[in-house]
Each structure stands twice: as structure tokens, then as C-alpha cells.
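One file, input-v1.txt, carrying compact mmCIF, C-alpha atoms:
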```txt
# COMPACT_ATOMS: atom_id res chain seq x y z
CA MET A 1 18.03 46.96 -90.56
CA ALA A 2 16.67 43.43 -90.06
CA PHE A 3 13.13 43.17 -88.71
CA LEU A 4 13.75 40.10 -86.50
CA THR A 5 16.31 38.92 -83.96
CA VAL A 6 16.55 35.18 -83.43
CA PHE A 7 18.27 34.82 -80.07
CA THR A 8 19.75 31.65 -78.67
CA PRO A 9 20.88 31.20 -75.06
CA ALA A 10 23.66 28.61 -74.99
CA TYR A 11 25.39 26.76 -72.18
CA ASN A 12 27.80 24.01 -73.24
CA ARG A 13 25.78 23.19 -76.34
CA ALA A 14 28.60 23.02 -78.88
CA LYS A 15 27.33 19.60 -79.94
CA THR A 16 23.80 20.74 -80.76
CA LEU A 17 24.29 24.41 -81.70
CA PRO A 18 25.45 23.54 -85.26
CA ARG A 19 22.01 22.22 -86.15
CA THR A 20 20.48 25.50 -85.00
CA TYR A 21 22.98 27.32 -87.19
CA GLU A 22 22.28 25.07 -90.17
CA SER A 23 18.53 25.63 -89.85
CA LEU A 24 19.10 29.38 -89.99
CA CYS A 25 21.35 29.08 -93.02
CA LYS A 26 18.52 27.24 -94.79
CA GLN A 27 15.99 30.04 -94.25
CA ASP A 28 14.75 31.47 -97.54
CA CYS A 29 14.39 34.90 -95.90
CA LYS A 30 17.60 36.19 -94.34
CA ASP A 31 16.06 39.39 -92.94
CA PHE A 32 17.16 38.60 -89.38
CA VAL A 33 20.01 38.81 -86.90
CA TRP A 34 21.16 35.76 -84.95
CA LEU A 35 22.18 36.65 -81.40
CA ILE A 36 23.93 33.95 -79.37
CA VAL A 37 24.11 34.64 -75.64
CA ASP A 38 26.78 32.33 -74.25
CA ASP A 39 25.85 31.72 -70.61
CA GLY A 40 29.34 30.84 -69.40
CA SER A 41 30.06 27.84 -71.62
CA THR A 42 33.30 25.94 -71.01
CA ASP A 43 33.24 23.99 -74.29
CA ASN A 44 34.19 25.31 -77.74
CA THR A 45 31.03 27.34 -78.31
CA ALA A 46 32.98 30.58 -78.77
CA CYS A 47 35.27 29.05 -81.43
CA LEU A 48 32.30 27.63 -83.30
CA VAL A 49 30.50 30.95 -83.40
CA LYS A 50 33.65 32.77 -84.50
CA SER A 51 34.05 30.39 -87.44
CA TRP A 52 30.44 31.03 -88.47
CA GLN A 53 30.88 34.78 -88.19
CA GLU A 54 33.73 34.58 -90.70
CA LYS A 55 31.52 32.96 -93.33
CA LYS A 56 29.04 34.61 -95.69
CA ASN A 57 25.79 33.38 -94.24
CA GLY A 58 23.46 36.07 -95.55
CA PHE A 59 22.60 37.18 -92.01
CA GLU A 60 24.45 38.90 -89.17
CA ILE A 61 25.68 36.82 -86.24
CA GLN A 62 26.17 38.54 -82.89
CA TYR A 63 27.85 36.86 -79.92
CA ILE A 64 27.79 37.87 -76.26
CA TYR A 65 29.59 35.98 -73.50
CA LYS A 66 28.44 36.29 -69.89
CA GLU A 67 29.06 34.49 -66.63
CA ASN A 68 26.78 31.51 -66.06
CA GLY A 69 23.56 32.62 -64.42
CA GLY A 70 20.82 30.49 -65.89
CA MET A 71 18.43 30.75 -68.81
CA HIS A 72 16.51 33.74 -67.45
CA THR A 73 19.67 35.84 -67.13
CA ALA A 74 20.59 34.99 -70.72
CA HIS A 75 17.15 36.27 -71.74
CA ASN A 76 17.81 39.46 -69.77
CA THR A 77 21.05 39.97 -71.68
CA ALA A 78 19.35 39.28 -74.99
CA TYR A 79 16.58 41.80 -74.40
CA GLU A 80 19.12 44.41 -73.36
CA ASN A 81 20.88 44.05 -76.72
CA ILE A 82 18.07 43.49 -79.22
CA ASP A 83 17.04 46.47 -81.34
CA THR A 84 14.97 44.85 -84.11
CA GLU A 85 11.19 45.17 -84.24
CA LEU A 86 10.55 41.53 -83.32
CA ASN A 87 12.43 38.81 -81.47
CA VAL A 88 12.05 35.07 -81.04
CA CYS A 89 14.03 32.56 -78.98
CA ILE A 90 15.27 29.40 -80.66
CA ASP A 91 17.06 27.22 -78.12
CA SER A 92 20.54 25.84 -78.71
CA ASP A 93 19.29 22.28 -79.23
CA ASP A 94 16.45 23.21 -81.60
CA ARG A 95 16.03 23.97 -85.28
CA MET A 96 14.17 26.87 -86.81
CA ALA A 97 11.58 25.31 -89.07
CA ILE A 98 11.90 25.59 -92.83
CA GLY A 99 10.57 28.94 -94.02
CA ALA A 100 9.90 30.16 -90.47
CA VAL A 101 11.40 33.63 -90.89
CA ARG A 102 9.36 34.20 -94.04
CA LYS A 103 6.20 33.05 -92.27
CA ILE A 104 6.85 35.43 -89.38
CA LYS A 105 7.49 38.35 -91.70
CA ASP A 106 4.43 37.76 -93.85
CA ALA A 107 2.12 37.19 -90.88
CA TRP A 108 3.40 40.24 -89.02
CA GLU A 109 2.83 42.51 -92.00
CA ARG A 110 -0.85 41.50 -91.85
CA VAL A 111 -1.32 42.31 -88.14
CA ARG A 112 1.37 44.88 -87.35
CA ASP A 113 -1.11 47.75 -86.88
CA LYS A 114 -3.57 45.83 -84.68
CA GLY A 115 -1.86 46.43 -81.33
CA TYR A 116 -0.69 42.89 -80.61
CA ALA A 117 2.29 42.16 -78.38
CA GLY A 118 3.45 39.73 -81.03
CA MET A 119 2.43 36.30 -82.23
CA ILE A 120 2.02 32.81 -80.83
CA ALA A 121 2.87 29.88 -83.11
CA LEU A 122 3.59 26.16 -82.98
CA ASP A 123 6.51 24.00 -81.92
CA ALA A 124 6.92 20.50 -83.35
CA ASP A 125 9.34 17.66 -82.77
CA PHE A 126 12.01 16.69 -85.31
CA PHE A 127 9.47 14.51 -87.13
CA GLY A 128 6.99 17.35 -87.53
CA LYS A 129 4.53 16.26 -84.84
CA ILE A 130 3.04 19.27 -83.06
CA ILE A 131 4.02 19.58 -79.40
CA GLY A 132 0.85 19.39 -77.30
CA LYS A 133 -2.24 20.75 -79.04
CA GLY A 134 -2.61 23.05 -82.00
CA PHE A 135 -4.87 26.08 -82.13
CA PRO A 136 -8.63 25.91 -82.66
CA GLU A 137 -9.47 26.83 -86.24
CA ASP A 138 -11.46 29.90 -85.19
CA MET A 139 -8.79 31.27 -82.83
CA ILE A 140 -7.22 34.38 -84.37
CA GLU A 141 -5.95 35.98 -81.17
CA THR A 142 -5.31 34.95 -77.57
CA THR A 143 -3.06 35.47 -74.60
CA LEU A 144 -0.58 32.80 -73.63
CA GLY A 145 -2.44 32.12 -70.40
CA GLY A 146 -5.77 32.25 -72.19
CA TYR A 147 -4.66 29.56 -74.63
CA TYR A 148 -3.77 27.16 -71.83
CA ALA A 149 -6.86 28.06 -69.78
CA ALA A 150 -8.97 27.12 -72.80
CA GLY A 151 -7.50 23.62 -72.82
CA GLY A 152 -4.32 24.15 -74.83
CA CYS A 153 -1.15 22.32 -73.93
CA GLY A 154 2.46 21.91 -74.99
CA ASP A 155 5.19 24.47 -75.60
CA LYS A 156 4.41 27.19 -78.13
CA LYS A 157 6.73 29.52 -79.99
CA LEU A 158 6.41 33.16 -78.96
CA VAL A 159 7.39 36.05 -81.22
CA TYR A 160 7.32 39.33 -79.30
CA ARG A 161 7.59 42.97 -80.22
CA THR A 162 10.87 44.16 -78.76
CA ASP A 163 9.40 47.45 -77.53
CA VAL A 164 6.75 45.50 -75.60
CA ILE A 165 9.07 42.94 -74.01
CA LYS A 166 11.36 45.76 -72.83
CA LYS A 167 8.50 47.57 -71.07
CA TYR A 168 8.32 44.95 -68.35
CA PRO A 169 10.76 44.22 -65.50
CA SER A 170 13.79 42.03 -66.10
CA TYR A 171 13.86 38.56 -64.62
CA PRO A 172 15.03 38.81 -61.01
CA VAL A 173 18.29 37.22 -59.91
CA PHE A 174 18.51 35.38 -56.59
CA SER A 175 21.93 34.78 -55.07
CA GLY A 176 23.08 31.19 -55.52
CA GLU A 177 20.18 30.33 -57.81
CA LYS A 178 19.95 29.99 -61.58
CA TYR A 179 16.28 29.59 -62.44
CA VAL A 180 13.29 31.88 -62.74
CA ALA A 181 10.37 30.90 -64.96
CA LEU A 182 10.52 32.63 -68.33
CA ALA A 183 6.72 32.82 -68.16
CA TYR A 184 7.08 35.66 -65.63
CA LYS A 185 7.36 38.33 -68.30
CA TYR A 186 4.80 36.60 -70.50
CA ARG A 187 2.25 36.59 -67.67
CA LEU A 188 2.72 40.34 -67.17
CA ILE A 189 2.34 41.01 -70.88
CA ASP A 190 -0.86 38.95 -70.90
CA GLN A 191 -2.48 41.53 -68.61
CA ASP A 192 -2.11 44.28 -71.22
CA TYR A 193 -1.87 42.70 -74.67
CA LYS A 194 -3.06 39.86 -76.83
CA LEU A 195 -1.07 37.76 -79.28
CA ALA A 196 -2.00 37.12 -82.89
CA VAL A 197 -2.30 33.40 -83.62
CA LEU A 198 0.05 32.10 -86.31
CA ASN A 199 -1.04 28.54 -86.97
CA GLU A 200 2.34 27.50 -88.39
CA ILE A 201 5.30 25.48 -87.09
CA LEU A 202 8.22 27.83 -86.43
CA CYS A 203 10.53 25.55 -84.46
CA ASN A 204 11.46 21.87 -84.28
CA VAL A 205 12.43 20.96 -80.74
CA GLU A 206 14.25 18.14 -79.00
CA TYR A 207 14.27 17.99 -75.21
CA GLN A 208 17.68 17.14 -73.78
CA GLU A 209 18.26 14.81 -70.83
CA ASP A 210 20.13 17.58 -69.02
CA GLY A 211 17.70 20.34 -69.99
CA SER A 212 15.59 22.27 -67.48
CA SER A 213 12.42 20.35 -68.37
CA ALA A 214 14.09 17.03 -67.59
CA THR A 215 15.61 18.18 -64.29
CA MET A 216 12.63 20.07 -62.85
CA TRP A 217 12.58 18.30 -59.49
CA LYS A 218 16.21 19.25 -58.91
CA GLN A 219 15.36 22.78 -60.00
CA TYR A 220 12.75 22.99 -57.25
CA VAL A 221 15.36 22.17 -54.62
CA ASN A 222 18.22 24.18 -56.10
CA ASN A 223 16.20 27.31 -56.90
CA PRO A 224 13.44 27.60 -54.30
CA LYS A 225 13.48 31.41 -54.09
CA GLY A 226 13.07 31.71 -57.83
CA PHE A 227 10.15 29.30 -57.83
CA ALA A 228 8.52 30.96 -54.83
CA PHE A 229 8.78 34.28 -56.65
CA TRP A 230 7.04 32.79 -59.70
CA ARG A 231 4.27 31.28 -57.56
CA LYS A 232 3.57 34.71 -56.06
CA VAL A 233 3.22 36.14 -59.55
CA CYS A 234 0.82 33.34 -60.48
CA MET A 235 -1.20 34.02 -57.34
CA GLN A 236 -1.49 37.68 -58.33
CA TYR A 237 -2.70 36.78 -61.82
CA PRO A 238 -4.50 33.42 -61.47
CA THR A 239 -5.81 31.61 -64.53
CA SER A 240 -8.26 29.41 -62.59
CA THR A 241 -9.26 28.59 -59.02
CA LYS A 242 -7.71 25.13 -59.27
CA ARG A 243 -4.44 26.59 -60.55
CA LEU A 244 -4.49 29.18 -57.76
CA TRP A 245 -4.66 26.48 -55.10
CA MET A 246 -1.86 24.55 -56.76
CA ASP A 247 0.30 27.68 -56.83
CA CYS A 248 -0.41 28.32 -53.14
CA ILE A 249 0.68 24.81 -52.23
CA HIS A 250 3.82 25.06 -54.33
CA TYR A 251 4.56 28.48 -52.84
CA VAL A 252 4.42 27.02 -49.33
CA SER A 253 6.61 24.09 -50.36
CA GLU A 254 9.26 26.22 -52.02
CA SER A 255 9.25 28.75 -49.17
CA ILE A 256 9.89 25.91 -46.72
CA ILE A 257 12.74 24.58 -48.86
CA SER A 258 14.29 28.06 -49.08
CA GLY A 259 13.92 28.62 -45.33
CA ASP A 260 11.78 31.75 -45.78
CA LYS A 261 9.97 32.33 -42.47
CA GLN A 262 8.13 35.38 -43.80
CA PHE A 263 6.29 33.58 -46.57
CA ILE A 264 2.81 34.08 -45.12
CA LYS A 265 3.38 37.82 -44.72
CA GLU A 266 4.79 38.04 -48.26
CA SER A 267 1.98 36.04 -49.88
CA PRO A 268 -0.53 37.82 -52.15
CA LYS A 269 -3.16 35.37 -50.84
CA ARG A 270 -2.46 35.05 -47.12
CA ALA A 271 -5.59 33.19 -46.04
CA MET A 272 -5.26 30.62 -48.83
CA THR A 273 -1.57 30.24 -48.04
CA VAL A 274 -2.31 29.42 -44.41
CA ILE A 275 -4.82 26.77 -45.47
CA ALA A 276 -2.28 25.35 -47.93
CA ILE A 277 0.48 24.91 -45.31
CA PRO A 278 -0.14 21.20 -44.50
CA PHE A 279 -0.21 20.31 -48.19
CA GLY A 280 2.89 22.43 -48.82
CA ILE A 281 4.76 20.62 -46.07
CA ILE A 282 3.89 17.26 -47.64
CA LEU A 283 4.97 18.50 -51.07
CA SER A 284 8.29 19.81 -49.73
CA ILE A 285 9.07 16.43 -48.16
CA TYR A 286 8.06 14.61 -51.34
CA THR A 287 10.19 16.93 -53.48
CA LYS A 288 13.31 16.45 -51.36
CA ASN A 289 12.86 12.67 -51.31
CA ARG A 290 12.25 12.62 -55.06
CA VAL A 291 15.54 14.43 -55.65
CA LYS A 292 17.45 12.12 -53.31
CA ASN A 293 16.22 9.14 -55.31
CA LEU A 294 17.12 10.56 -58.72
```
Here is the file; what I need is its structure written in the form of C-alpha cells.
Amino acid sequence: MAFLTVFTPAYNRAKTLPRTYESLCKQDCKDFVWLIVDDGSTDNTACLVKSWQEKKNGFEIQYIYKENGGMHTAHNTAYENIDTELNVCIDSDDRMAIGAVRKIKDAWERVRDKGYAGMIALDADFFGKIIGKGFPEDMIETTLGGYYAAGGCGDKKLVYRTDVIKKYPSYPVFSGEKYVALAYKYRLIDQDYKLAVLNEILCNVEYQEDGSSATMWKQYVNNPKGFAFWRKVCMQYPTSTKRLWMDCIHYVSESIISGDKQFIKESPKRAMTVIAIPFGIILSIYTKNRVKNL
């Protein structure tokens, strides 16, 4: 059985998914499964994947179609169906870097017995420039939150043990909403495990104009319950005092947008939440106006 599942959530990405496929075909180590979770696409994604499944690629391609529910629900479906030792998400508009599977396999063999939840590695753009900051030379292990608290920035590629990722609750689903921060599960894992640092580029990324990063202000308005949920998690496991206050303010803002009148009672930090109310009101007004002007 393969040691790694590369899973790719896809929603109407038939135009970009071929480059993800091509990057996997170019891997010098084919000891992986590619799992595509189609999150309700209405383009020709299914036909594309079927044509690839009929070819001899050197690796297994699995395809699951589900009703559109957002990225986090696609991750839920992926985790429910992965049975390899490790898993990594490569988005449908990204490329797996040259030699990435081999690098993961070799690095994991060196640290497998050290109790890590997995590994944290680098993302780069299509020209090879690292996204955000790299890792300090002396950093051999960290948590995801610990990396950012120490001054790190930019998206990083996470390779998790499947048995670890399945130990923690699935991403919640809120009626009428399609966004919950993927960092929810990662934050929970951070409380119990560390990640081995793999100072290698595993993925080349390109942010799309219609991707979640580019439409974040609309996400705040369209998915306030999901964001309020995430802010409560952050308040339970704060990474700094400054970040805690920011999360309180955002929690107030998103609770106001969602119409939740019980948000003070439901807050993990009630006193701070009360103090943050005026700032949260201002942020909610700003957010709504920002979206109207987009």
C-alpha cells in the first residue's frame, strides 16, 4: 500500500486541475494515491479525472463527488476516506514541487519514530520564491502556531499522520454557510504534538482571483457563524495577548453579523468580549461597507 495520500479538493477547477495532475505525473517516486474530492463542480472535472484514471500514471487516482459545501467539508470527506500513513493537501490550482513525494518519504523515514504529528514544509510561487518566510536554520521541530508566534509568515505545507488527523473532531458545518478555517484542526493538534521541520519546497502555489484568500471580506459576511466558531477556538488556545484581543474583536463583529444574541454567554473570554464590543461593532460596520464596495 502507498505511504502517502495527496488529496485535492476541487470546485470548478477543470482549467487548473491538469497542472496539478501533470506535477504528480512528474514525481520520481510514485508511492502515493491521488484523491480528488469534487465539491459539487458543474464543469467537466469528472470527465477529466475519468480520462486520467484510464491512463497508466504509475499511481492510483481516486475520485469522490459530493454536494458543494466548502473547502472544510471537502477536507472532512478526504479524511474519512484516507487510509495511508501520511496525507498532504495540494490544492486544485497548485503544483506539487519536483521530487516532493521523494522528499517527504525520505524525511519521514528519519523521524517516523519520534512521535511527531507530521511535518511542516515550504510553499513557493511558480517561480520558486518561498511564500512568506522560511524556517530558521536551527529549527528542527515546531508547532504550526509556534512557527507563526516566533515571527514566521506565509502559507506552509503540512504533511500529517492520518491516524493523528483522524483523532480530532471534524470541521463543523453551519447551515447556509460554506467556510470554517482549516486551521481549526491544526490548532487542536498543536496542543498535543509537534511537527518535524522539512526545510524543502513541496508545493508551488498560485492564488486565484476567486479563491478564498482573495474573497475573505465576503467570506466574513457570508459565513459569520463559521468565523465566530473559529474565533472561539483561538480564544481558547491563544498564541499571544495581542492576537487574543484581535480574536475577541473579530468574534464580536462576526457574532453581530450572524445575529447571535448569546455571544457573550458563549464566549470563552467573557470579560474581554464585553470590553471588545465597541471595537467589534465598528469592525462589523466596516466589514459590511467593505463588501458593499467590492
Next on the checklist: As an exercise, work out the distance from CA of Leu122 (chain A) to CA of Tyr21 (chain A) in Å and give it to one decimal place.
Outcome noted: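 One can read the CA of Leu122 (chain A) to CA of Tyr21 (chain A) distance as 19.9 Å.
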Checklist entry - Counting only C-alpha atoms, which of A:Tyr186, A:Trp217, A:Tyr171, A:Phe126 gets nearest to Ile201 (chain A)? => result A:Phe126
Checklist entry - CA of Asp39 (chain A) and CA of Lys218 (chain A) are how many Å apart? => result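 Separation of CA of Asp39 (chain A) and CA of Lys218 (chain A): 19.6 Å.
Residues lying within 12 Å of Glu80 (chain A), counting all atoms listed in the file and ignoring same-chain neighbours fewer than 6 positions away, are A:Phe7, A:Leu35, A:Val37, A:Ile64, A:Thr73, A:Ala74, A:Asn87, A:Thr162, A:Asp163, A:Ile165, A:Lys166, A:Lys167, A:Tyr168, A:Pro169, A:Ser170, A:Tyr171.
Here CA of Cys234 (chain A) is placed at a distance of 9.9 Å from CA of Leu188 (chain A).
With all atoms listed in the file as the atoms that count, the minimum distance from Ile282 (chain A) to the choices A:Ser253, A:Lys225, A:Pro18, A:Arg270 is reached by A:Ser253.
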Checklist entry - From the set A:Gly99, A:Gly152, A:Gly70, A:Pro9, which residue has the shortest atom-to-atom contact distance to Cys25 (chain A), counting all atoms listed in the file? => result A:Gly99
